[in-house]
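The structure file input.pdb is reproduced below (PDB, C-alpha atoms and all ligand atoms).
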ATOM      1  CA  MET A   1      37.242 -12.993  21.676  1.00  0.00           C
ATOM      2  CA  THR A   2      36.587 -11.998  18.135  1.00  0.00           C
ATOM      3  CA  VAL A   3      37.358 -13.852  14.949  1.00  0.00           C
ATOM      4  CA  GLU A   4      37.306 -12.648  11.410  1.00  0.00           C
ATOM      5  CA  LEU A   5      34.868 -14.639   9.335  1.00  0.00           C
ATOM      6  CA  ALA A   6      34.717 -14.480   5.565  1.00  0.00           C
ATOM      7  CA  GLY A   7      36.841 -11.353   5.515  1.00  0.00           C
ATOM      8  CA  ALA A   8      33.900  -9.037   5.921  1.00  0.00           C
ATOM      9  CA  ILE A   9      32.072 -10.355   8.933  1.00  0.00           C
ATOM     10  CA  LEU A  10      33.433  -9.613  12.359  1.00  0.00           C
ATOM     11  CA  VAL A  11      32.214 -12.262  14.727  1.00  0.00           C
ATOM     12  CA  LYS A  12      32.068 -12.214  18.470  1.00  0.00           C
ATOM     13  CA  VAL A  13      32.274 -15.647  20.001  1.00  0.00           C
ATOM     14  CA  GLY A  14      31.200 -16.465  23.501  1.00  0.00           C
ATOM     15  CA  VAL A  15      30.199 -12.959  24.514  1.00  0.00           C
ATOM     16  CA  GLY A  16      26.981 -11.078  24.585  1.00  0.00           C
ATOM     17  CA  TYR A  17      24.832 -14.165  24.718  1.00  0.00           C
ATOM     18  CA  THR A  18      22.898 -15.030  27.813  1.00  0.00           C
ATOM     19  CA  SER A  19      20.064 -17.448  28.161  1.00  0.00           C
ATOM     20  CA  ALA A  20      17.449 -14.824  28.861  1.00  0.00           C
ATOM     21  CA  PRO A  21      14.039 -15.994  30.027  1.00  0.00           C
ATOM     22  CA  GLU A  22      11.460 -16.542  27.348  1.00  0.00           C
ATOM     23  CA  GLU A  23       9.870 -13.237  26.468  1.00  0.00           C
ATOM     24  CA  GLU A  24       6.703 -12.477  24.651  1.00  0.00           C
ATOM     25  CA  HIS A  25       7.447 -10.876  21.316  1.00  0.00           C
ATOM     26  CA  GLU A  26       5.258  -9.258  18.800  1.00  0.00           C
ATOM     27  CA  PRO A  27       4.555 -11.866  16.096  1.00  0.00           C
ATOM     28  CA  VAL A  28       6.304 -11.307  12.783  1.00  0.00           C
ATOM     29  CA  GLU A  29       2.922 -10.791  11.153  1.00  0.00           C
ATOM     30  CA  ASP A  30       2.564  -7.544  13.088  1.00  0.00           C
ATOM     31  CA  LYS A  31       5.925  -6.268  11.861  1.00  0.00           C
ATOM     32  CA  ILE A  32       5.047  -6.275   8.205  1.00  0.00           C
ATOM     33  CA  ASP A  33       4.648  -2.937   6.437  1.00  0.00           C
ATOM     34  CA  ASP A  34       2.656  -3.570   3.265  1.00  0.00           C
ATOM     35  CA  SER A  35       1.545   0.005   2.613  1.00  0.00           C
ATOM     36  CA  GLU A  36       3.322   0.097  -0.758  1.00  0.00           C
ATOM     37  CA  LEU A  37       1.988  -3.236  -1.937  1.00  0.00           C
ATOM     38  CA  ASN A  38      -0.847  -3.290  -4.460  1.00  0.00           C
ATOM     39  CA  LYS A  39      -4.312  -3.907  -3.079  1.00  0.00           C
ATOM     40  CA  ARG A  40      -4.810  -7.390  -4.493  1.00  0.00           C
ATOM     41  CA  ALA A  41      -1.434  -8.625  -3.203  1.00  0.00           C
ATOM     42  CA  ARG A  42      -2.130  -7.010   0.173  1.00  0.00           C
ATOM     43  CA  CYS A  43      -5.395  -8.967   0.391  1.00  0.00           C
ATOM     44  CA  LEU A  44      -3.488 -12.195  -0.307  1.00  0.00           C
ATOM     45  CA  LEU A  45      -0.780 -11.327   2.227  1.00  0.00           C
ATOM     46  CA  GLU A  46      -3.526 -10.795   4.785  1.00  0.00           C
ATOM     47  CA  LYS A  47      -4.406 -14.497   4.436  1.00  0.00           C
ATOM     48  CA  LEU A  48      -0.808 -15.477   5.167  1.00  0.00           C
ATOM     49  CA  LYS A  49      -0.936 -13.239   8.212  1.00  0.00           C
ATOM     50  CA  ILE A  50      -4.235 -14.692   9.472  1.00  0.00           C
ATOM     51  CA  ASN A  51      -2.808 -18.203   9.191  1.00  0.00           C
ATOM     52  CA  LYS A  52       0.410 -16.969  10.878  1.00  0.00           C
ATOM     53  CA  LEU A  53       2.326 -18.564   8.048  1.00  0.00           C
ATOM     54  CA  TYR A  54       5.410 -16.376   8.363  1.00  0.00           C
ATOM     55  CA  GLY A  55       5.740 -17.363  11.974  1.00  0.00           C
ATOM     56  CA  LYS A  56       5.019 -21.030  11.301  1.00  0.00           C
ATOM     57  CA  THR A  57       7.211 -21.371   8.219  1.00  0.00           C
ATOM     58  CA  ILE A  58      10.142 -19.181   9.112  1.00  0.00           C
ATOM     59  CA  GLY A  59       9.821 -19.618  12.822  1.00  0.00           C
ATOM     60  CA  VAL A  60      12.470 -17.426  14.314  1.00  0.00           C
ATOM     61  CA  PHE A  61      11.938 -13.960  12.869  1.00  0.00           C
ATOM     62  CA  ASP A  62      10.052 -12.904  15.939  1.00  0.00           C
ATOM     63  CA  ASN A  63      12.806 -13.294  18.510  1.00  0.00           C
ATOM     64  CA  ASN A  64      13.383  -9.561  18.401  1.00  0.00           C
ATOM     65  CA  ASP A  65      10.999  -6.657  18.179  1.00  0.00           C
ATOM     66  CA  ASN A  66      13.299  -4.182  16.496  1.00  0.00           C
ATOM     67  CA  TYR A  67      12.663  -5.334  12.969  1.00  0.00           C
ATOM     68  CA  LYS A  68      10.370  -4.315  10.243  1.00  0.00           C
ATOM     69  CA  LEU A  69       9.618  -6.352   7.158  1.00  0.00           C
ATOM     70  CA  ILE A  70       8.644  -4.059   4.310  1.00  0.00           C
ATOM     71  CA  ILE A  71       6.873  -5.853   1.469  1.00  0.00           C
ATOM     72  CA  LYS A  72       6.155  -3.753  -1.592  1.00  0.00           C
ATOM     73  CA  ASP A  73       5.756  -3.745  -5.346  1.00  0.00           C
ATOM     74  CA  GLY A  74       9.083  -3.280  -7.115  1.00  0.00           C
ATOM     75  CA  TYR A  75      11.543  -4.273  -9.784  1.00  0.00           C
ATOM     76  CA  CYS A  76      14.310  -6.776  -9.012  1.00  0.00           C
ATOM     77  CA  GLY A  77      15.819  -7.746 -12.358  1.00  0.00           C
ATOM     78  CA  ILE A  78      15.042  -9.634 -15.522  1.00  0.00           C
ATOM     79  CA  GLY A  79      13.176 -12.858 -14.880  1.00  0.00           C
ATOM     80  CA  LYS A  80      12.956 -12.428 -11.102  1.00  0.00           C
ATOM     81  CA  ASP A  81       9.800 -13.019  -9.096  1.00  0.00           C
ATOM     82  CA  GLY A  82      10.961 -11.025  -6.113  1.00  0.00           C
ATOM     83  CA  CYS A  83      13.987 -10.040  -4.063  1.00  0.00           C
ATOM     84  CA  ALA A  84      14.933  -9.255  -0.484  1.00  0.00           C
ATOM     85  CA  ASN A  85      17.403  -6.545   0.444  1.00  0.00           C
ATOM     86  CA  GLY A  86      19.089  -6.619   3.835  1.00  0.00           C
ATOM     87  CA  GLY A  87      21.121  -3.463   3.160  1.00  0.00           C
ATOM     88  CA  ASP A  88      19.255  -1.499   5.830  1.00  0.00           C
ATOM     89  CA  ILE A  89      19.345  -4.254   8.430  1.00  0.00           C
ATOM     90  CA  GLU A  90      21.284  -2.045  10.893  1.00  0.00           C
ATOM     91  CA  ASN A  91      18.200   0.144  11.092  1.00  0.00           C
ATOM     92  CA  GLY A  92      16.003  -2.919  11.476  1.00  0.00           C
ATOM     93  CA  ASN A  93      14.549  -2.907   7.980  1.00  0.00           C
ATOM     94  CA  VAL A  94      14.471  -5.673   5.423  1.00  0.00           C
ATOM     95  CA  ILE A  95      12.825  -4.703   2.164  1.00  0.00           C
ATOM     96  CA  ILE A  96      11.100  -7.317   0.041  1.00  0.00           C
ATOM     97  CA  LYS A  97      10.134  -6.338  -3.469  1.00  0.00           C
ATOM     98  CA  ILE A  98       7.633  -8.397  -5.418  1.00  0.00           C
ATOM     99  CA  GLN A  99       8.091  -8.152  -9.152  1.00  0.00           C
ATOM    100  CA  SER A 100       5.973 -11.006 -10.503  1.00  0.00           C
ATOM    101  CA  PHE A 101       2.543 -11.572  -9.019  1.00  0.00           C
ATOM    102  CA  GLY A 102       1.855 -14.658 -11.111  1.00  0.00           C
ATOM    103  CA  ASN A 103      -1.726 -15.833 -10.701  1.00  0.00           C
ATOM    104  CA  TYR A 104      -2.158 -13.874  -7.462  1.00  0.00           C
ATOM    105  CA  SER A 105      -2.599 -17.266  -5.880  1.00  0.00           C
ATOM    106  CA  LEU A 106      -0.454 -19.911  -4.184  1.00  0.00           C
ATOM    107  CA  ASP A 107       2.431 -18.985  -6.484  1.00  0.00           C
ATOM    108  CA  LEU A 108       2.512 -15.460  -5.056  1.00  0.00           C
ATOM    109  CA  ALA A 109       2.113 -16.806  -1.515  1.00  0.00           C
ATOM    110  CA  ALA A 110       5.155 -19.054  -2.095  1.00  0.00           C
ATOM    111  CA  THR A 111       7.174 -16.097  -3.437  1.00  0.00           C
ATOM    112  CA  MET A 112       6.254 -14.041  -0.378  1.00  0.00           C
ATOM    113  CA  LEU A 113       7.410 -16.813   1.951  1.00  0.00           C
ATOM    114  CA  HIS A 114      10.571 -17.435  -0.091  1.00  0.00           C
ATOM    115  CA  GLU A 115      11.548 -13.760   0.163  1.00  0.00           C
ATOM    116  CA  GLY A 116      10.580 -13.735   3.823  1.00  0.00           C
ATOM    117  CA  ILE A 117      13.088 -16.501   4.472  1.00  0.00           C
ATOM    118  CA  HIS A 118      15.820 -14.409   2.799  1.00  0.00           C
ATOM    119  CA  ALA A 119      14.824 -11.555   5.093  1.00  0.00           C
ATOM    120  CA  GLU A 120      15.019 -13.764   8.141  1.00  0.00           C
ATOM    121  CA  ILE A 121      18.462 -15.051   7.157  1.00  0.00           C
ATOM    122  CA  TYR A 122      19.769 -11.485   6.715  1.00  0.00           C
ATOM    123  CA  LYS A 123      18.494 -10.684  10.145  1.00  0.00           C
ATOM    124  CA  TYR A 124      19.871 -13.848  11.688  1.00  0.00           C
ATOM    125  CA  VAL A 125      23.378 -13.364  10.303  1.00  0.00           C
ATOM    126  CA  TYR A 126      23.356  -9.704  11.293  1.00  0.00           C
ATOM    127  CA  GLU A 127      22.366 -10.625  14.833  1.00  0.00           C
ATOM    128  CA  PHE A 128      24.932 -13.372  14.909  1.00  0.00           C
ATOM    129  CA  ASN A 129      27.590 -10.790  14.107  1.00  0.00           C
ATOM    130  CA  GLU A 130      26.235  -8.796  17.033  1.00  0.00           C
ATOM    131  CA  GLY A 131      26.811 -11.756  19.318  1.00  0.00           C
ATOM    132  CA  ILE A 132      23.812 -14.058  19.475  1.00  0.00           C
ATOM    133  CA  ASP A 133      24.172 -17.804  19.827  1.00  0.00           C
ATOM    134  CA  PRO A 134      25.487 -19.262  16.569  1.00  0.00           C
ATOM    135  CA  ASN A 135      24.840 -22.922  17.362  1.00  0.00           C
ATOM    136  CA  GLN A 136      21.295 -22.846  16.141  1.00  0.00           C
ATOM    137  CA  ARG A 137      22.403 -22.293  12.548  1.00  0.00           C
ATOM    138  CA  ARG A 138      25.862 -23.749  12.327  1.00  0.00           C
ATOM    139  CA  ASN A 139      25.300 -24.967   8.777  1.00  0.00           C
ATOM    140  CA  LEU A 140      24.183 -21.566   7.595  1.00  0.00           C
ATOM    141  CA  LEU A 141      27.225 -19.870   9.070  1.00  0.00           C
ATOM    142  CA  ASN A 142      29.500 -22.523   7.604  1.00  0.00           C
ATOM    143  CA  TYR A 143      28.033 -21.784   4.192  1.00  0.00           C
ATOM    144  CA  TYR A 144      28.617 -18.051   4.697  1.00  0.00           C
ATOM    145  CA  TYR A 145      32.194 -18.772   5.656  1.00  0.00           C
ATOM    146  CA  HIS A 146      32.793 -21.276   2.893  1.00  0.00           C
ATOM    147  CA  TYR A 147      31.500 -19.006   0.123  1.00  0.00           C
ATOM    148  CA  GLY A 148      32.797 -15.740   1.558  1.00  0.00           C
ATOM    149  CA  ALA A 149      29.303 -14.298   1.679  1.00  0.00           C
ATOM    150  CA  ARG A 150      28.975 -10.727   2.913  1.00  0.00           C
ATOM    151  CA  ASN A 151      25.316 -10.729   3.886  1.00  0.00           C
ATOM    152  CA  GLY A 152      24.632  -8.110   1.234  1.00  0.00           C
ATOM    153  CA  LEU A 153      23.511  -8.247  -2.340  1.00  0.00           C
ATOM    154  CA  ASP A 154      26.621 -10.190  -3.411  1.00  0.00           C
ATOM    155  CA  LEU A 155      26.133 -13.354  -5.422  1.00  0.00           C
ATOM    156  CA  ALA A 156      27.738 -15.473  -2.698  1.00  0.00           C
ATOM    157  CA  THR A 157      25.111 -14.363  -0.183  1.00  0.00           C
ATOM    158  CA  THR A 158      22.300 -15.234  -2.571  1.00  0.00           C
ATOM    159  CA  THR A 159      23.894 -18.617  -3.213  1.00  0.00           C
ATOM    160  CA  VAL A 160      24.351 -19.565   0.429  1.00  0.00           C
ATOM    161  CA  GLN A 161      20.897 -18.362   1.415  1.00  0.00           C
ATOM    162  CA  HIS A 162      19.356 -20.488  -1.333  1.00  0.00           C
ATOM    163  CA  GLN A 163      21.455 -23.486  -0.378  1.00  0.00           C
ATOM    164  CA  PHE A 164      20.323 -23.135   3.210  1.00  0.00           C
ATOM    165  CA  MET A 165      16.724 -22.773   2.082  1.00  0.00           C
ATOM    166  CA  ALA A 166      16.962 -25.871  -0.102  1.00  0.00           C
ATOM    167  CA  ASP A 167      18.250 -27.773   2.917  1.00  0.00           C
ATOM    168  CA  ASN A 168      15.621 -26.531   5.335  1.00  0.00           C
ATOM    169  CA  TYR A 169      12.564 -24.862   3.867  1.00  0.00           C
ATOM    170  CA  VAL A 170      11.324 -26.889   0.902  1.00  0.00           C
ATOM    171  CA  LYS A 171       8.958 -28.959   2.992  1.00  0.00           C
ATOM    172  CA  PRO A 172       7.785 -26.089   5.260  1.00  0.00           C
ATOM    173  CA  ILE A 173       6.838 -24.000   2.205  1.00  0.00           C
ATOM    174  CA  ALA A 174       5.022 -26.977   0.698  1.00  0.00           C
ATOM    175  CA  GLN A 175       3.176 -27.459   4.011  1.00  0.00           C
ATOM    176  CA  ALA A 176       2.188 -23.790   4.073  1.00  0.00           C
ATOM    177  CA  MET A 177       0.847 -23.961   0.521  1.00  0.00           C
ATOM    178  CA  ARG A 178      -1.119 -27.094   1.357  1.00  0.00           C
ATOM    179  CA  GLU A 179      -2.674 -25.348   4.339  1.00  0.00           C
ATOM    180  CA  LEU A 180      -3.646 -22.336   2.211  1.00  0.00           C
ATOM    181  CA  ASP A 181      -5.144 -24.691  -0.362  1.00  0.00           C
ATOM    182  CA  GLY A 182      -7.351 -26.352   2.244  1.00  0.00           C
ATOM    183  CA  SER A 183      -5.266 -29.564   2.124  1.00  0.00           C
ATOM    184  CA  ARG A 184      -6.928 -30.734  -1.068  1.00  0.00           C
ATOM    185  CA  TYR A 185      -4.003 -33.011  -2.013  1.00  0.00           C
ATOM    186  CA  PRO A 186      -1.231 -34.925  -0.222  1.00  0.00           C
ATOM    187  CA  LEU A 187       1.855 -32.905   0.700  1.00  0.00           C
ATOM    188  CA  GLU A 188       3.873 -34.378  -2.155  1.00  0.00           C
ATOM    189  CA  HIS A 189       1.713 -32.431  -4.619  1.00  0.00           C
ATOM    190  CA  TYR A 190       2.839 -29.124  -3.124  1.00  0.00           C
ATOM    191  CA  MET A 191       6.582 -29.787  -3.169  1.00  0.00           C
ATOM    192  CA  GLY A 192       6.997 -27.885  -6.444  1.00  0.00           C
ATOM    193  CA  PHE A 193       6.070 -24.662  -4.618  1.00  0.00           C
ATOM    194  CA  GLY A 194       8.823 -25.362  -2.118  1.00  0.00           C
ATOM    195  CA  TRP A 195      11.363 -25.857  -4.882  1.00  0.00           C
ATOM    196  CA  ASP A 196      10.442 -22.701  -6.794  1.00  0.00           C
ATOM    197  CA  GLY A 197      13.434 -20.383  -6.840  1.00  0.00           C
ATOM    198  CA  LEU A 198      15.660 -23.117  -5.456  1.00  0.00           C
ATOM    199  CA  ARG A 199      15.960 -25.557  -8.323  1.00  0.00           C
ATOM    200  CA  ALA A 200      19.567 -24.613  -8.967  1.00  0.00           C
ATOM    201  CA  TYR A 201      20.526 -25.231  -5.348  1.00  0.00           C
ATOM    202  CA  GLY A 202      20.845 -28.309  -3.200  1.00  0.00           C
ATOM    203  CA  TYR A 203      18.870 -30.083  -5.794  1.00  0.00           C
ATOM    204  CA  ASN A 204      19.909 -33.528  -4.720  1.00  0.00           C
ATOM    205  CA  GLY A 205      17.519 -33.438  -1.843  1.00  0.00           C
ATOM    206  CA  TYR A 206      16.503 -31.641   1.313  1.00  0.00           C
ATOM    207  CA  TYR A 207      16.502 -32.141   5.062  1.00  0.00           C
ATOM    208  CA  ASP A 208      13.370 -33.322   6.758  1.00  0.00           C
ATOM    209  CA  ASN A 209      13.810 -32.902  10.519  1.00  0.00           C
ATOM    210  CA  GLY A 210      17.534 -33.376  10.107  1.00  0.00           C
ATOM    211  CA  VAL A 211      17.174 -36.453   7.908  1.00  0.00           C
ATOM    212  CA  PHE A 212      18.398 -36.038   4.349  1.00  0.00           C
ATOM    213  CA  LYS A 213      15.790 -37.016   1.783  1.00  0.00           C
ATOM    214  CA  PRO A 214      17.253 -37.586  -1.645  1.00  0.00           C
ATOM    215  CA  LEU A 215      15.270 -36.088  -4.476  1.00  0.00           C
ATOM    216  CA  ASP A 216      14.571 -38.085  -7.563  1.00  0.00           C
ATOM    217  CA  LYS A 217      15.192 -35.606 -10.380  1.00  0.00           C
ATOM    218  CA  GLY A 218      12.892 -37.599 -12.589  1.00  0.00           C
ATOM    219  CA  ARG A 219      10.074 -36.357 -10.410  1.00  0.00           C
ATOM    220  CA  ASP A 220      10.588 -32.715 -11.277  1.00  0.00           C
ATOM    221  CA  SER A 221       8.194 -32.735 -14.207  1.00  0.00           C
ATOM    222  CA  GLU A 222       5.675 -34.390 -11.912  1.00  0.00           C
ATOM    223  CA  TYR A 223       6.139 -31.529  -9.435  1.00  0.00           C
ATOM    224  CA  TYR A 224       5.466 -29.020 -12.181  1.00  0.00           C
ATOM    225  CA  LYS A 225       2.402 -30.900 -13.360  1.00  0.00           C
ATOM    226  CA  ASN A 226       0.954 -31.165  -9.864  1.00  0.00           C
ATOM    227  CA  GLN A 227       1.692 -27.529  -9.213  1.00  0.00           C
ATOM    228  CA  ALA A 228      -0.031 -26.437 -12.422  1.00  0.00           C
ATOM    229  CA  ALA A 229      -3.053 -28.601 -11.626  1.00  0.00           C
ATOM    230  CA  ILE A 230      -3.336 -27.102  -8.147  1.00  0.00           C
ATOM    231  CA  LEU A 231      -2.995 -23.536  -9.460  1.00  0.00           C
ATOM    232  CA  ALA A 232      -5.683 -24.179 -12.040  1.00  0.00           C
ATOM    233  CA  THR A 233      -8.221 -25.342  -9.480  1.00  0.00           C
ATOM    234  CA  THR A 234      -7.411 -23.715  -6.139  1.00  0.00           C
ATOM    235  CA  THR A 235      -9.840 -21.235  -4.670  1.00  0.00           C
ATOM    236  CA  PHE A 236      -7.121 -19.606  -2.574  1.00  0.00           C
ATOM    237  CA  ALA A 237      -7.282 -15.785  -2.722  1.00  0.00           C
ATOM    238  CA  LYS A 238      -9.946 -15.886  -5.416  1.00  0.00           C
ATOM    239  CA  ASP A 239     -11.805 -13.242  -3.423  1.00  0.00           C
ATOM    240  CA  CYS A 240      -8.819 -10.886  -3.694  1.00  0.00           C
ATOM    241  CA  LEU A 241      -9.445  -8.508  -6.570  1.00  0.00           C
TER     242      LEU A 241
HETATM  243 ZN    ZN B 301      15.618 -16.395  -3.451  1.00  0.00          ZN
END

How does the structure come out when it is put into structure tokens?
Ligand SMILES: [Zn+2]
Amino acid sequence: MTVELAGAILVKVGVGYTSAPEEEHEPVEDKIDDSELNKRARCLLEKLKINKLYGKTIGVFDNNDNYKLIIKDGYCGIGKDGCANGGDIENGNVIIKIQSFGNYSLDLAATMLHEGIHAEIYKYVYEFNEGIDPNQRRNLLNYYYHYGARNGLDLATTTVQHQFMADNYVKPIAQAMRELDGSRYPLEHYMGFGWDGLRAYGYNGYYDNGVFKPLDKGRDSEYYKNQAAILATTTFAKDCL
């Protein structure tokens, strides 16, 4: 059967999904086209690839080989660090533009992961519409439905993707940044990187393995301070010039 979801998304329920045996897929790191990214950023991205951080942080991008993640220099809008465009998802392309390269350090790494999560969500929702198992991401789909998101560049899509990220990816991004920084500080010190770009969303807390952890807003300035201290002293990507 089919149901109409959010006006724009035609959803197939209960068809087209079989529990296929586990297949080996090309890791997401091998699906990244960074040919139009500047040299210094490409060097930094290489470190994310070596540590398999896209795969570890985002997890599910590599369940299908027909996708390409294009990461390049580009303009997104006033005050933006980067943006992801799923408009060509039917042809298997998600384009990530990086506008602000910050210190070419952990801040840029966090932006690259943040945009990568947008890309993965575009892909997931597109595949869901094509009939894959929705149960894995029921909350995400509920958000899409609730806000009438079209999985395009509409504001509702941006909102629901950020809400979903606030719920699920704050800690994984912080963990990735800690790994890239050689685990110099406890995880708590890296949480500000996880919250970057998400502060307007789900700001009351986040989910840690399904358990909601309330966030003390009084700690935000502490997050910023820790983040600034880490950025000032990290050696991550210092060899990228
Ligand atoms: Zn975003």

Q.
Around ligand ZN 301 (chain B), out to 12 Å and counting only C-alpha atoms and all ligand atoms, which residues are there? I want them as number ranges by chain.
A. A: 76, 80-85, 96-98, 110-121, 153, 155, 157-166, 169, 194-201

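With all atoms listed in the file as the basis for measurement, A:Gln227 is the residue among A:Lys52, A:Glu46, A:Asp167, A:Gln227 that approaches Met191 (chain A) most closely.
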
Q) Taking the file as shown, what set of residues would the PyMOL selection byres (((chain A and resi 36) around 7) and not hetatm) give back, as a ChimeraX atom specification? A) /A:34-35,37-38,72-73

Q. Hey, what's within 7 Å of Tyr190 (chain A) if we count all atoms listed in the file and toss same-chain stuff fewer than 3 positions away? As a PyMOL selection string, please?
A. chain A and resi 174+177-178+187+193+227

Kindly export the residues of the current selection with C-alpha atoms, as a PDB file, keeping the file's coordinate frame.
ATOM      1  CA  ALA A 174       5.022 -26.977   0.698  1.00  0.00           C
ATOM      2  CA  MET A 177       0.847 -23.961   0.521  1.00  0.00           C
ATOM      3  CA  ARG A 178      -1.119 -27.094   1.357  1.00  0.00           C
ATOM      4  CA  LEU A 187       1.855 -32.905   0.700  1.00  0.00           C
ATOM      5  CA  PHE A 193       6.070 -24.662  -4.618  1.00  0.00           C
ATOM      6  CA  GLN A 227       1.692 -27.529  -9.213  1.00  0.00           C
TER       7      GLN A 227
END

Q: List the neighbours of Ala41 (chain A) out to 9 Å using all atoms listed in the file; skip same-chain residues closer than 6 positions along the sequence, and give me the result as an MDAnalysis selection string.
A: chainID A and resid 73 101 104 108 240:241

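Taking CA of Leu180 (chain A) and CA of Ser105 (chain A) as endpoints, the distance between them is 9.6 Å.
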
(Q) Just to confirm, what's the straight-line distance from CA of Ala237 (chain A) to CA of Arg184 (chain A) in Å (one decimal)? (A)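 If I compute the distance from CA of Ala237 (chain A) to CA of Arg184 (chain A), I get 15.0 Å.
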
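Between CA of Ala228 (chain A) and CA of Val211 (chain A) the interatomic distance comes to 28.5 Å.
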
Q.
Please determine, counting all atoms listed in the file, which residue among A:Ile58, A:Leu231, A:Ile70, A:Leu215 has the shortest atom-to-atom distance to Asp33 (chain A).
A. A:Ile70

Could you give me the centre and size, in Å to one decimal, of an axis-aligned box around all listed atoms of region 186-194 of chain A with 8 Å added on every side, as AutoDock Vina command-line options?
--center_x 3.8 --center_y -29.8 --center_z -2.9 --size_x 26.1 --size_y 26.3 --size_z 23.1

Q: Excluding Thr235 (chain A) and residues on its chain fewer than 3 positions from it, collect all residues at most 9 Å away from it, counting all atoms listed in the file, and give them as a PyMOL selection string.
A: chain A and resi 105+181-182+231-232+238-239

Create the file for the chosen residues now, containing C-alpha atoms and written as a short mmCIF file (atom, residue, chain, number, x, y, z; two decimals), in the coordinates of the input.
data_model
loop_
_atom_site.label_atom_id
_atom_site.label_comp_id
_atom_site.auth_asym_id
_atom_site.auth_seq_id
_atom_site.Cartn_x
_atom_site.Cartn_y
_atom_site.Cartn_z
CA SER A 105 -2.60 -17.27 -5.88
CA ASP A 181 -5.14 -24.69 -0.36
CA GLY A 182 -7.35 -26.35 2.24
CA LEU A 231 -3.00 -23.54 -9.46
CA ALA A 232 -5.68 -24.18 -12.04
CA LYS A 238 -9.95 -15.89 -5.42
CA ASP A 239 -11.80 -13.24 -3.42
#

Q. From the list A:Ile71, A:Ala176, A:Ala149, A:Ile89, which residue is nearest Arg42 (chain A) when using all atoms listed in the file?
A.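 Of A:Ile71, A:Ala176, A:Ala149, A:Ile89, the one nearest Arg42 (chain A), counting all atoms listed in the file, is A:Ile71.
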
For the structure provided, state which residues fall under the PyMOL selection byres (((chain A and resi 31) around 9) and not hetatm), and present them as a PDB file with C-alpha atoms, in the frame of the given file.
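Saved as result.pdb:
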ATOM      1  CA  GLU A  26       5.258  -9.258  18.800  1.00  0.00           C
ATOM      2  CA  PRO A  27       4.555 -11.866  16.096  1.00  0.00           C
ATOM      3  CA  VAL A  28       6.304 -11.307  12.783  1.00  0.00           C
ATOM      4  CA  GLU A  29       2.922 -10.791  11.153  1.00  0.00           C
ATOM      5  CA  ASP A  30       2.564  -7.544  13.088  1.00  0.00           C
ATOM      6  CA  ILE A  32       5.047  -6.275   8.205  1.00  0.00           C
ATOM      7  CA  ASP A  33       4.648  -2.937   6.437  1.00  0.00           C
ATOM      8  CA  ASP A  62      10.052 -12.904  15.939  1.00  0.00           C
ATOM      9  CA  ASP A  65      10.999  -6.657  18.179  1.00  0.00           C
ATOM     10  CA  ASN A  66      13.299  -4.182  16.496  1.00  0.00           C
ATOM     11  CA  TYR A  67      12.663  -5.334  12.969  1.00  0.00           C
ATOM     12  CA  LYS A  68      10.370  -4.315  10.243  1.00  0.00           C
ATOM     13  CA  LEU A  69       9.618  -6.352   7.158  1.00  0.00           C
ATOM     14  CA  ILE A  70       8.644  -4.059   4.310  1.00  0.00           C
TER      15      ILE A  70
END

Q: Mind checking which residues fall within 9 Å of Gly87 (chain A), counting all atoms listed in the file, ignoring those fewer than 2 positions away in the same chain, and posting them as a ChimeraX atom specification?
A: /A:85,89-90,93-95,122,151-153

May I have the selected residues written with C-alpha atoms, as an mmCIF file, in the coordinates of the input?
data_model
loop_
_atom_site.group_PDB
_atom_site.id
_atom_site.type_symbol
_atom_site.label_atom_id
_atom_site.label_comp_id
_atom_site.auth_asym_id
_atom_site.auth_seq_id
_atom_site.Cartn_x
_atom_site.Cartn_y
_atom_site.Cartn_z
ATOM 1 C CA ASN A 85 17.403 -6.545 0.444
ATOM 2 C CA ILE A 89 19.345 -4.254 8.430
ATOM 3 C CA GLU A 90 21.284 -2.045 10.893
ATOM 4 C CA ASN A 93 14.549 -2.907 7.980
ATOM 5 C CA VAL A 94 14.471 -5.673 5.423
ATOM 6 C CA ILE A 95 12.825 -4.703 2.164
ATOM 7 C CA TYR A 122 19.769 -11.485 6.715
ATOM 8 C CA ASN A 151 25.316 -10.729 3.886
ATOM 9 C CA GLY A 152 24.632 -8.110 1.234
ATOM 10 C CA LEU A 153 23.511 -8.247 -2.340
#
